[in-house]
Amino acid sequence: MKALSERKWWQAAAFALFVMTLTNITSVASADRVPELGDFLARDRFTAMKISPDGRHFAATVPEEGRTSLVILSRAELAVTARVAVDPGQHISAFDWANDRQVVYSRHHKDGSRAPELGSGGLYKVSVDGSDAGQLGLANVALLDTLPDDDDHVLVYGFMSVAGSPIVRMELATGDVESWPLSAPRGGNFFFYFNDNAGQVRLADGSERVARKQRLFVNDPDPDWRAGQKTKNRRWHRVNFEDETGEFWDFLGFSGDNLTAYFQVEKDGVGAGLVAYELSSRQRRLVLALPLATMGRTLRSPLDRGVVARQSFDGKPVLHVIAPADPFVATLKQLAARFPGTFATPTSFTRDGRYGVILVESDTQPGRHFLLDTSTGDVELIAARNDRLDAAQLSPMQAIRFKAGDGLELDGFITRPASRQGQPAPLVVMPLDHQLLGLGYYRWGYDAEVQWLASRGYAVLQVNVRGSGHRGEAFRDMGKGPVGARIQDDITDATRWALREGVTQAGRICIYGHGNGAHSAMMGLVREPGLYACGIGNVGNYDFVAKNKCTSSRSTCRFINEQLGLDGVDLEANSPNLLASRITAPVLLGGGARDRIARPAQARAMHASLQEAGVPVEMAIYPGEAHGQYQDANRLDWAKRVLAHLDKTIGDGRAAPVAAN
């Protein structure tokens with residue numbers, strides 16, 4: 001691996017000093033010591049990085065306390081040339097290079113570290129020298145394409161009709177928009193449009209108005225579109241009507257020649273694989289059949305932007321080649337060989353395809369960004385996300401499969417502490433947050449909380465229960481109501497699997513969750529009092545009788561109750577706050593005083609019920625925090641409390657006591 005030159009080393013050191021002021025990163029890892037808690041909790045140096053089309057700059061997002069900013073760096077000196085700061089709770093998420101000198105980006109809001117992302121609307125821009133910064137044109141738009149062959153415009157779509165059209169071409173200098181010469185297909189509501197690699201809008205993805213089933217259309221290319229011809233009468237052709245086929249088609253991208261479109265297809269809610277759709281003949285062919293795998297990123301050629309490969313996560317990540325003749329495929333294979341045991345993902349390339357930024361991650365690697373020279377195959381480290389940690393200090397994550405009590409095959413991960421050398425260890429079972437809404441799932445890769453638990457001698461079990469969002473709609477629907485019933489059984493089955501496999505021993509298991517996972521943790525204590533020796537719940541809802549007093553619109557409340565399985569359910573029987581008398585194990589509760597998702601009254605009521613039942617319970621409600629701890633001091637305090645609680649109940653006495661809050 002090619003090293004940085006001495007000059008660049010000093011330049012990188014200067015850049016690190018700048019980042020220290022933002023992220024409080026102060027030391028380099030040493031493989032011969034156990035990392036401090038602060039090493040795991042240090043914010044990433046940056047989250048994402050992309051190279052400019054001319055290769056002269058990098059753009060990168062920088063996590064700060066409660067916000068995520070954007071910086072632009074010169075590639076030659078690694079010096080900051082521009083910085084975009086945002087208000088607390090705001091995060092710059094998606095960003096891309098519009099041309100050699102301008103970055104366009106969007107923002108979202110998170111009311112706490114574990115809150116869902118809420119789009120704040122609008123598109124923003126900044127130049128490499130920090131000038132010409134601010135909102136770009138209309139408020140209710142998002143980036144569709146940067147149009148690589150057009151340095152003066154970007155293609156955007158509106159959440160509502162914009163300038164008479166859902167798709168508009170926006171001028172970067174002024175924010176002025178030009179309506180796209182295209183009419184929507186008939187017979188549905190269409191919210192999503194996709195353009196090919198030449199910038200032409202070719203696909204319309206929407207739903208039938210009553211049943212809400214997918215309706216997908218494609219149109220023919222327009223030879224006169226660049227001349228501004230108002231050809232709104234291009235004919236739309238049917239691709240998929242879900243109510244007729246039982247299939248849902250998720251668009252991935254086009255081939256480099258724009259003759260083929262690629263889709264991830266579900267059949268009757270079950271993953272059916274990756275399909276190539278030939279636009280001229282309107283015929284489909286199956287490219288990959290991966291019914292149980294979680295699909296990852298789609299990889300495209302840096303030259304023509306055509307789809308060349310696809311990642312999947314059937315345990316560890318696997319690279320599936322789609323266009324074997326594309327020269328970029330050889331580069332992907334070389335990266336896989338150069339970084340074994342990881343997944344190396346290109347984030348961006350220069351216009352000529354020579355230089356690219358590669359993100360290398362694994363279960364024991366928080367992430368490192370490298371600069372790749374495709375002409376020589378050389379790579380050089382730009383910077384690590386967290387240089388306090390070394391892979392040799394961390395514990396590998398092992399993919400598992402087992403059958404639930406009703407015979408359904410489930411998957412997940414077990415992380416066993418390296419210090420135990422395969423011997424039984426005290427176990428922390430971590431129910432999934434957002435599981436009931438089908439929004440999340442566990443995936444192989446680095447998890448800071450799992451690693452600091454493992455570093456203190458605890459094994460961690462994570463299972464993708466039914467209802468999680470990684471195996472299709474049918475699997476997600478299995479998690480719907482009544483609330484927690486089958487999902488809770490899946491968590492119990494996973495815990496008993498760990499006992500059978502010798503991962504842990506009876507009496508040394510704790511259940512610990514955030515958000516919806518906190519509710520699952522408390523219900524685990526209620527339903528299996530002899531299985532868990534302790535429980536921990538952070539920012540959870542524990543009283544569904546109170547929670548069900550929905551103050552939103554009737555349709556919103558109906559949707560929430562349907563997704564959570566609250567309609568027609570005995571809410572008292574599924575509210576651990578009201579069942580505290582059945583809990584025998586010690587409990588730790590956490591929350592935020594400003595939390596509007598899991599209001600602190602929920603944690604306080606759970607705390608009071610446990611006290612009344614004579615259950616040992618501790619609680620920390622953090623002033624100024626919402627749904628999840630943002631502030632560094634509070635994150636560290638919560639981690640210490642968790643370890644102290646585990647030490648007292650299932651651990652080996654490693655953690656020091658923490659003063660009451």
# chains A, B, ... in the order shown; residues from 1 in each chain; ligands from 1
$ residues_around --residues "region 278-280 of chain A" --least-positions-apart "2" --cutoff "7 Å" --atoms "only C-alpha atoms" --output "ChimeraX atom specification"
/A:259-261,276,282-284
$ residues_around --residues "region 398-412 of chain A" --least-positions-apart "3" --cutoff "7 Å" --atoms "only C-alpha atoms" --output "count of residues only"
9
$ closest_residue --among "A:Ala98, A:Cys534, A:Ile621, A:Ala498" --to "Thr584 (chain A)" --atoms "only C-alpha atoms"
A:Cys534
$ residues_around --residues "region 91-93 of chain A" --least-positions-apart "5" --cutoff "8 Å" --atoms "only C-alpha atoms" --output "JSON, numbers by chain"
{"A": [61, 67, 68, 69, 70, 86, 105, 106, 107, 108, 109, 110]}
$ write_last_selection --atoms "N, CA and C atoms" --output "PDB file, in the first residue's frame"
ATOM      1  N   THR A  61     -18.454  15.240   5.254  1.00  0.00           N
ATOM      2  CA  THR A  61     -19.310  15.607   6.373  1.00  0.00           C
ATOM      3  C   THR A  61     -18.573  15.348   7.679  1.00  0.00           C
ATOM      4  N   ARG A  67     -24.929  17.867  15.708  1.00  0.00           N
ATOM      5  CA  ARG A  67     -25.105  18.387  14.356  1.00  0.00           C
ATOM      6  C   ARG A  67     -24.057  17.755  13.441  1.00  0.00           C
ATOM      7  N   THR A  68     -24.232  17.886  12.130  1.00  0.00           N
ATOM      8  CA  THR A  68     -23.251  17.403  11.162  1.00  0.00           C
ATOM      9  C   THR A  68     -23.008  18.494  10.136  1.00  0.00           C
ATOM     10  N   SER A  69     -21.763  18.963  10.053  1.00  0.00           N
ATOM     11  CA  SER A  69     -21.388  20.031   9.147  1.00  0.00           C
ATOM     12  C   SER A  69     -20.740  19.463   7.895  1.00  0.00           C
ATOM     13  N   LEU A  70     -20.414  20.350   6.964  1.00  0.00           N
ATOM     14  CA  LEU A  70     -19.768  19.977   5.708  1.00  0.00           C
ATOM     15  C   LEU A  70     -18.496  20.787   5.552  1.00  0.00           C
ATOM     16  N   VAL A  86     -24.266  24.186  10.553  1.00  0.00           N
ATOM     17  CA  VAL A  86     -25.719  24.140  10.655  1.00  0.00           C
ATOM     18  C   VAL A  86     -26.122  24.316  12.109  1.00  0.00           C
ATOM     19  N   TYR A 105     -26.156  20.098  -1.572  1.00  0.00           N
ATOM     20  CA  TYR A 105     -26.429  19.218  -0.443  1.00  0.00           C
ATOM     21  C   TYR A 105     -27.830  19.462   0.093  1.00  0.00           C
ATOM     22  N   SER A 106     -28.301  18.503   0.887  1.00  0.00           N
ATOM     23  CA  SER A 106     -29.577  18.647   1.574  1.00  0.00           C
ATOM     24  C   SER A 106     -29.347  18.447   3.058  1.00  0.00           C
ATOM     25  N   ARG A 107     -30.339  18.802   3.863  1.00  0.00           N
ATOM     26  CA  ARG A 107     -30.222  18.700   5.316  1.00  0.00           C
ATOM     27  C   ARG A 107     -31.421  17.928   5.862  1.00  0.00           C
ATOM     28  N   HIS A 108     -31.226  17.365   7.045  1.00  0.00           N
ATOM     29  CA  HIS A 108     -32.352  16.778   7.750  1.00  0.00           C
ATOM     30  C   HIS A 108     -32.230  17.120   9.229  1.00  0.00           C
ATOM     31  N   HIS A 109     -33.316  16.885   9.943  1.00  0.00           N
ATOM     32  CA  HIS A 109     -33.354  17.185  11.370  1.00  0.00           C
ATOM     33  C   HIS A 109     -33.521  15.887  12.145  1.00  0.00           C
ATOM     34  N   LYS A 110     -32.785  15.768  13.254  1.00  0.00           N
ATOM     35  CA  LYS A 110     -32.941  14.633  14.168  1.00  0.00           C
ATOM     36  C   LYS A 110     -33.094  15.182  15.573  1.00  0.00           C
TER      37      LYS A 110
END
$ residues_around --residues "Leu432 (chain A)" --least-positions-apart "2" --cutoff "12 Å" --atoms "only C-alpha atoms" --output "short mmCIF file (atom, residue, chain, number, x, y, z; two decimals) with all heavy atoms, in the first residue's frame"
data_model
loop_
_atom_site.label_atom_id
_atom_site.label_comp_id
_atom_site.auth_asym_id
_atom_site.auth_seq_id
_atom_site.Cartn_x
_atom_site.Cartn_y
_atom_site.Cartn_z
N GLY A 412 -29.10 -13.20 12.34
CA GLY A 412 -28.62 -12.15 13.23
C GLY A 412 -27.12 -12.25 13.38
O GLY A 412 -26.43 -12.83 12.53
N PHE A 413 -26.62 -11.72 14.50
CA PHE A 413 -25.18 -11.66 14.72
C PHE A 413 -24.86 -11.86 16.19
O PHE A 413 -25.62 -11.42 17.07
CB PHE A 413 -24.61 -10.32 14.25
CG PHE A 413 -24.85 -10.05 12.79
CD1 PHE A 413 -25.97 -9.35 12.38
CD2 PHE A 413 -23.97 -10.54 11.84
CE1 PHE A 413 -26.21 -9.12 11.03
CE2 PHE A 413 -24.20 -10.32 10.49
CZ PHE A 413 -25.32 -9.61 10.09
N VAL A 429 -28.40 -9.15 25.32
CA VAL A 429 -29.32 -9.31 24.20
C VAL A 429 -29.87 -7.93 23.84
O VAL A 429 -30.41 -7.24 24.70
CB VAL A 429 -30.47 -10.27 24.57
CG1 VAL A 429 -31.44 -10.41 23.41
CG2 VAL A 429 -29.91 -11.62 24.98
N MET A 430 -29.72 -7.54 22.56
CA MET A 430 -30.11 -6.19 22.14
C MET A 430 -31.26 -6.25 21.14
O MET A 430 -31.05 -6.43 19.93
CB MET A 430 -28.91 -5.46 21.53
CG MET A 430 -27.75 -5.26 22.49
SD MET A 430 -26.51 -4.08 21.91
CE MET A 430 -27.38 -2.53 22.21
N HIS A 434 -36.97 0.38 16.15
CA HIS A 434 -37.76 0.58 14.93
C HIS A 434 -38.26 -0.72 14.33
O HIS A 434 -38.70 -0.76 13.19
CB HIS A 434 -36.96 1.35 13.87
CG HIS A 434 -36.56 2.72 14.30
ND1 HIS A 434 -37.45 3.63 14.80
CD2 HIS A 434 -35.35 3.34 14.31
CE1 HIS A 434 -36.80 4.76 15.09
NE2 HIS A 434 -35.54 4.60 14.82
N GLN A 435 -38.20 -1.83 15.08
CA GLN A 435 -38.55 -3.11 14.50
C GLN A 435 -40.02 -3.17 14.08
O GLN A 435 -40.37 -3.77 13.06
CB GLN A 435 -38.26 -4.24 15.48
CG GLN A 435 -39.01 -4.10 16.81
CD GLN A 435 -38.40 -4.96 17.90
OE1 GLN A 435 -37.26 -5.32 17.81
NE2 GLN A 435 -39.17 -5.23 18.92
N LEU A 436 -40.90 -2.53 14.85
CA LEU A 436 -42.32 -2.67 14.56
C LEU A 436 -42.74 -1.91 13.31
O LEU A 436 -43.77 -2.20 12.71
CB LEU A 436 -43.15 -2.19 15.76
CG LEU A 436 -42.91 -2.96 17.06
CD1 LEU A 436 -43.71 -2.36 18.19
CD2 LEU A 436 -43.27 -4.42 16.89
N LEU A 437 -41.98 -0.91 12.92
CA LEU A 437 -42.31 -0.13 11.73
C LEU A 437 -41.58 -0.64 10.50
O LEU A 437 -41.72 -0.08 9.43
CB LEU A 437 -41.97 1.35 11.96
CG LEU A 437 -42.81 2.05 13.03
CD1 LEU A 437 -42.30 3.47 13.24
CD2 LEU A 437 -44.26 2.09 12.63
N GLY A 438 -40.78 -1.69 10.63
CA GLY A 438 -40.08 -2.23 9.47
C GLY A 438 -39.03 -1.29 8.92
O GLY A 438 -38.71 -1.34 7.73
N LEU A 439 -38.47 -0.42 9.77
CA LEU A 439 -37.53 0.59 9.28
C LEU A 439 -36.08 0.18 9.44
O LEU A 439 -35.21 0.79 8.82
CB LEU A 439 -37.76 1.91 10.04
CG LEU A 439 -39.13 2.54 9.89
CD1 LEU A 439 -39.23 3.79 10.74
CD2 LEU A 439 -39.42 2.87 8.43
N GLY A 440 -35.79 -0.79 10.28
CA GLY A 440 -34.39 -1.07 10.56
C GLY A 440 -34.09 -2.55 10.57
O GLY A 440 -34.99 -3.40 10.59
N TYR A 441 -32.83 -2.87 10.56
CA TYR A 441 -32.37 -4.24 10.69
C TYR A 441 -30.89 -4.21 11.06
O TYR A 441 -30.20 -3.21 10.84
CB TYR A 441 -32.57 -5.04 9.39
CG TYR A 441 -31.92 -4.43 8.16
CD1 TYR A 441 -30.62 -4.78 7.80
CD2 TYR A 441 -32.60 -3.51 7.37
CE1 TYR A 441 -30.02 -4.23 6.68
CE2 TYR A 441 -32.01 -2.96 6.25
CZ TYR A 441 -30.72 -3.32 5.90
OH TYR A 441 -30.12 -2.77 4.81
N TYR A 442 -30.41 -5.31 11.61
CA TYR A 442 -29.01 -5.43 11.95
C TYR A 442 -28.23 -5.93 10.74
O TYR A 442 -28.67 -6.84 10.04
CB TYR A 442 -28.81 -6.40 13.12
CG TYR A 442 -29.22 -5.83 14.46
CD1 TYR A 442 -30.18 -6.46 15.25
CD2 TYR A 442 -28.63 -4.66 14.93
CE1 TYR A 442 -30.55 -5.94 16.48
CE2 TYR A 442 -29.00 -4.13 16.17
CZ TYR A 442 -29.95 -4.77 16.93
OH TYR A 442 -30.30 -4.24 18.14
N ARG A 443 -27.07 -5.31 10.51
CA ARG A 443 -26.23 -5.65 9.37
C ARG A 443 -24.79 -5.79 9.83
O ARG A 443 -24.36 -5.11 10.75
CB ARG A 443 -26.33 -4.54 8.31
CG ARG A 443 -25.74 -4.91 6.97
CD ARG A 443 -25.89 -3.76 6.00
NE ARG A 443 -24.89 -2.72 6.23
CZ ARG A 443 -24.69 -1.67 5.44
NH1 ARG A 443 -25.46 -1.50 4.40
NH2 ARG A 443 -23.76 -0.78 5.71
N LEU A 461 -25.74 -10.17 21.48
CA LEU A 461 -26.60 -10.89 20.54
C LEU A 461 -27.58 -9.93 19.91
O LEU A 461 -28.31 -9.22 20.60
CB LEU A 461 -27.36 -12.01 21.27
CG LEU A 461 -28.38 -12.80 20.44
CD1 LEU A 461 -27.69 -13.55 19.30
CD2 LEU A 461 -29.14 -13.78 21.34
N GLN A 462 -27.61 -9.91 18.57
CA GLN A 462 -28.52 -9.06 17.81
C GLN A 462 -29.26 -9.93 16.80
O GLN A 462 -28.63 -10.60 15.98
CB GLN A 462 -27.75 -7.95 17.08
CG GLN A 462 -26.98 -7.02 18.00
CD GLN A 462 -25.95 -6.19 17.24
OE1 GLN A 462 -25.03 -6.72 16.63
NE2 GLN A 462 -26.12 -4.87 17.26
N VAL A 463 -30.57 -9.94 16.85
CA VAL A 463 -31.35 -10.79 15.96
C VAL A 463 -32.29 -9.94 15.13
O VAL A 463 -32.90 -8.98 15.63
CB VAL A 463 -32.13 -11.86 16.75
CG1 VAL A 463 -33.07 -11.22 17.76
CG2 VAL A 463 -32.90 -12.78 15.80
N ASN A 464 -32.40 -10.28 13.85
CA ASN A 464 -33.35 -9.62 12.96
C ASN A 464 -34.69 -10.34 13.06
O ASN A 464 -34.98 -11.29 12.32
CB ASN A 464 -32.84 -9.63 11.52
CG ASN A 464 -31.74 -8.61 11.31
OD1 ASN A 464 -31.81 -7.49 11.81
ND2 ASN A 464 -30.70 -9.00 10.59
N VAL A 465 -35.48 -9.89 14.03
CA VAL A 465 -36.79 -10.49 14.27
C VAL A 465 -37.72 -10.21 13.10
O VAL A 465 -37.49 -9.31 12.29
CB VAL A 465 -37.41 -9.93 15.57
CG1 VAL A 465 -36.56 -10.31 16.77
CG2 VAL A 465 -37.55 -8.40 15.48
N ARG A 466 -38.80 -10.99 12.99
CA ARG A 466 -39.81 -10.68 11.98
C ARG A 466 -40.34 -9.28 12.26
O ARG A 466 -40.49 -8.86 13.42
CB ARG A 466 -40.90 -11.73 11.98
CG ARG A 466 -41.73 -11.80 13.22
CD ARG A 466 -42.47 -13.12 13.30
NE ARG A 466 -41.59 -14.21 13.70
CZ ARG A 466 -41.88 -15.50 13.54
NH1 ARG A 466 -43.01 -15.86 12.97
NH2 ARG A 466 -41.04 -16.44 13.94
N GLY A 467 -40.60 -8.54 11.21
CA GLY A 467 -40.98 -7.13 11.36
C GLY A 467 -39.84 -6.21 11.02
O GLY A 467 -40.06 -5.02 10.78
N SER A 468 -38.61 -6.71 10.99
CA SER A 468 -37.48 -5.86 10.62
C SER A 468 -37.45 -5.70 9.10
O SER A 468 -38.09 -6.44 8.36
CB SER A 468 -36.16 -6.45 11.15
OG SER A 468 -35.98 -7.78 10.74
N GLY A 469 -36.70 -4.71 8.64
CA GLY A 469 -36.87 -4.27 7.26
C GLY A 469 -35.84 -4.77 6.29
O GLY A 469 -35.32 -3.98 5.51
N GLY A 484 -45.81 -6.81 19.71
CA GLY A 484 -44.80 -7.53 20.46
C GLY A 484 -44.98 -9.03 20.56
O GLY A 484 -44.09 -9.72 21.04
N ILE A 487 -42.80 -11.08 17.80
CA ILE A 487 -41.46 -10.47 17.89
C ILE A 487 -40.82 -10.83 19.22
O ILE A 487 -39.63 -11.18 19.28
CB ILE A 487 -41.56 -8.94 17.73
CG1 ILE A 487 -41.88 -8.60 16.27
CG2 ILE A 487 -40.27 -8.26 18.17
CD1 ILE A 487 -42.11 -7.12 16.04
N GLN A 488 -41.58 -10.75 20.30
CA GLN A 488 -41.02 -11.05 21.62
C GLN A 488 -40.61 -12.52 21.70
O GLN A 488 -39.58 -12.85 22.30
CB GLN A 488 -42.06 -10.73 22.70
CG GLN A 488 -41.44 -10.40 24.05
CD GLN A 488 -40.65 -9.10 24.03
OE1 GLN A 488 -41.09 -8.10 23.50
NE2 GLN A 488 -39.45 -9.13 24.60
N ASP A 490 -39.48 -14.23 19.18
CA ASP A 490 -38.24 -14.34 18.42
C ASP A 490 -37.03 -13.97 19.28
O ASP A 490 -35.98 -14.62 19.20
CB ASP A 490 -38.28 -13.43 17.20
CG ASP A 490 -39.23 -13.92 16.12
OD1 ASP A 490 -39.68 -15.08 16.20
OD2 ASP A 490 -39.51 -13.15 15.18
N ILE A 491 -37.19 -12.94 20.10
CA ILE A 491 -36.09 -12.52 20.98
C ILE A 491 -35.80 -13.62 22.00
O ILE A 491 -34.63 -13.94 22.27
CB ILE A 491 -36.45 -11.20 21.67
CG1 ILE A 491 -36.62 -10.08 20.63
CG2 ILE A 491 -35.38 -10.81 22.69
CD1 ILE A 491 -37.23 -8.81 21.18
N ILE A 511 -30.96 -8.01 29.07
CA ILE A 511 -31.63 -7.56 27.85
C ILE A 511 -31.66 -6.03 27.85
O ILE A 511 -32.07 -5.41 28.83
CB ILE A 511 -33.04 -8.18 27.72
CG1 ILE A 511 -33.67 -7.80 26.38
CG2 ILE A 511 -33.93 -7.85 28.91
CD1 ILE A 511 -34.90 -8.63 26.03
N TYR A 512 -31.19 -5.42 26.75
CA TYR A 512 -30.91 -3.98 26.70
C TYR A 512 -31.36 -3.44 25.35
O TYR A 512 -30.90 -3.90 24.30
CB TYR A 512 -29.42 -3.77 26.90
CG TYR A 512 -28.87 -2.38 26.63
CD1 TYR A 512 -29.66 -1.24 26.71
CD2 TYR A 512 -27.52 -2.21 26.33
CE1 TYR A 512 -29.12 0.02 26.48
CE2 TYR A 512 -26.97 -0.95 26.10
CZ TYR A 512 -27.78 0.16 26.17
OH TYR A 512 -27.25 1.41 25.94
N GLY A 513 -32.27 -2.46 25.38
CA GLY A 513 -32.75 -1.90 24.13
C GLY A 513 -32.97 -0.40 24.17
O GLY A 513 -33.13 0.20 25.24
N HIS A 514 -32.98 0.20 22.97
CA HIS A 514 -33.28 1.62 22.78
C HIS A 514 -34.61 1.76 22.03
O HIS A 514 -34.92 0.96 21.14
CB HIS A 514 -32.19 2.31 21.95
CG HIS A 514 -30.81 2.17 22.50
ND1 HIS A 514 -30.29 3.05 23.43
CD2 HIS A 514 -29.83 1.27 22.25
CE1 HIS A 514 -29.05 2.69 23.72
NE2 HIS A 514 -28.74 1.61 23.02
N GLY A 515 -35.39 2.79 22.33
CA GLY A 515 -36.61 3.04 21.59
C GLY A 515 -37.58 1.86 21.70
O GLY A 515 -37.93 1.41 22.80
N ASN A 516 -38.04 1.34 20.55
CA ASN A 516 -38.90 0.16 20.57
C ASN A 516 -38.20 -1.01 21.22
O ASN A 516 -38.84 -1.88 21.82
CB ASN A 516 -39.31 -0.22 19.14
CG ASN A 516 -40.31 0.75 18.55
OD1 ASN A 516 -41.07 1.37 19.27
ND2 ASN A 516 -40.28 0.89 17.24
N GLY A 517 -36.87 -1.06 21.08
CA GLY A 517 -36.10 -2.12 21.73
C GLY A 517 -36.16 -2.04 23.24
O GLY A 517 -36.04 -3.05 23.94
N ALA A 518 -36.34 -0.83 23.79
CA ALA A 518 -36.48 -0.68 25.24
C ALA A 518 -37.79 -1.30 25.71
O ALA A 518 -37.85 -1.94 26.77
CB ALA A 518 -36.42 0.80 25.63
N HIS A 519 -38.87 -1.11 24.94
CA HIS A 519 -40.14 -1.76 25.27
C HIS A 519 -39.97 -3.28 25.24
O HIS A 519 -40.43 -4.00 26.14
CB HIS A 519 -41.22 -1.33 24.27
CG HIS A 519 -42.50 -2.09 24.41
ND1 HIS A 519 -42.76 -3.24 23.67
CD2 HIS A 519 -43.59 -1.91 25.20
CE1 HIS A 519 -43.94 -3.71 23.99
NE2 HIS A 519 -44.48 -2.92 24.91
N SER A 520 -39.26 -3.79 24.20
CA SER A 520 -39.02 -5.23 24.12
C SER A 520 -38.21 -5.72 25.30
O SER A 520 -38.44 -6.84 25.80
CB SER A 520 -38.30 -5.56 22.80
OG SER A 520 -39.13 -5.33 21.69
N ALA A 521 -37.25 -4.92 25.76
CA ALA A 521 -36.43 -5.33 26.90
C ALA A 521 -37.30 -5.49 28.15
O ALA A 521 -37.18 -6.48 28.88
CB ALA A 521 -35.33 -4.30 27.15
N GLY A 537 -33.42 -0.14 29.60
CA GLY A 537 -34.24 0.50 28.59
C GLY A 537 -33.89 1.97 28.46
O GLY A 537 -33.88 2.70 29.45
#
$ decode --residues "region 536-541 of chain A" --atoms "all heavy atoms" --output "short mmCIF file (atom, residue, chain, number, x, y, z; two decimals), in the first residue's frame"
data_model
loop_
_atom_site.label_atom_id
_atom_site.label_comp_id
_atom_site.auth_asym_id
_atom_site.auth_seq_id
_atom_site.Cartn_x
_atom_site.Cartn_y
_atom_site.Cartn_z
N ILE A 536 -32.28 -3.24 30.69
CA ILE A 536 -31.92 -1.83 30.48
C ILE A 536 -32.80 -1.29 29.36
O ILE A 536 -32.91 -1.90 28.30
CB ILE A 536 -30.44 -1.66 30.10
CG1 ILE A 536 -29.53 -2.33 31.12
CG2 ILE A 536 -30.08 -0.18 29.94
CD1 ILE A 536 -28.06 -2.36 30.72
N GLY A 537 -33.42 -0.14 29.60
CA GLY A 537 -34.24 0.50 28.59
C GLY A 537 -33.89 1.97 28.46
O GLY A 537 -33.88 2.70 29.45
N ASN A 538 -33.59 2.41 27.24
CA ASN A 538 -33.25 3.80 26.98
C ASN A 538 -34.25 4.39 26.00
O ASN A 538 -34.55 3.78 24.97
CB ASN A 538 -31.83 3.89 26.40
CG ASN A 538 -31.35 5.32 26.23
OD1 ASN A 538 -31.70 6.19 27.03
ND2 ASN A 538 -30.56 5.56 25.21
N VAL A 539 -34.79 5.56 26.31
CA VAL A 539 -35.75 6.32 25.50
C VAL A 539 -36.87 5.41 24.98
O VAL A 539 -37.16 5.39 23.78
CB VAL A 539 -35.06 7.10 24.36
CG1 VAL A 539 -34.16 8.17 24.93
CG2 VAL A 539 -34.26 6.20 23.42
N GLY A 540 -37.51 4.68 25.87
CA GLY A 540 -38.57 3.76 25.48
C GLY A 540 -39.94 4.21 25.92
O GLY A 540 -40.09 5.06 26.81
N ASN A 541 -40.96 3.65 25.28
CA ASN A 541 -42.36 3.81 25.70
C ASN A 541 -42.80 2.52 26.38
O ASN A 541 -42.65 1.42 25.83
CB ASN A 541 -43.25 4.08 24.49
CG ASN A 541 -43.09 5.50 23.97
OD1 ASN A 541 -43.36 6.46 24.67
ND2 ASN A 541 -42.63 5.62 22.73
#
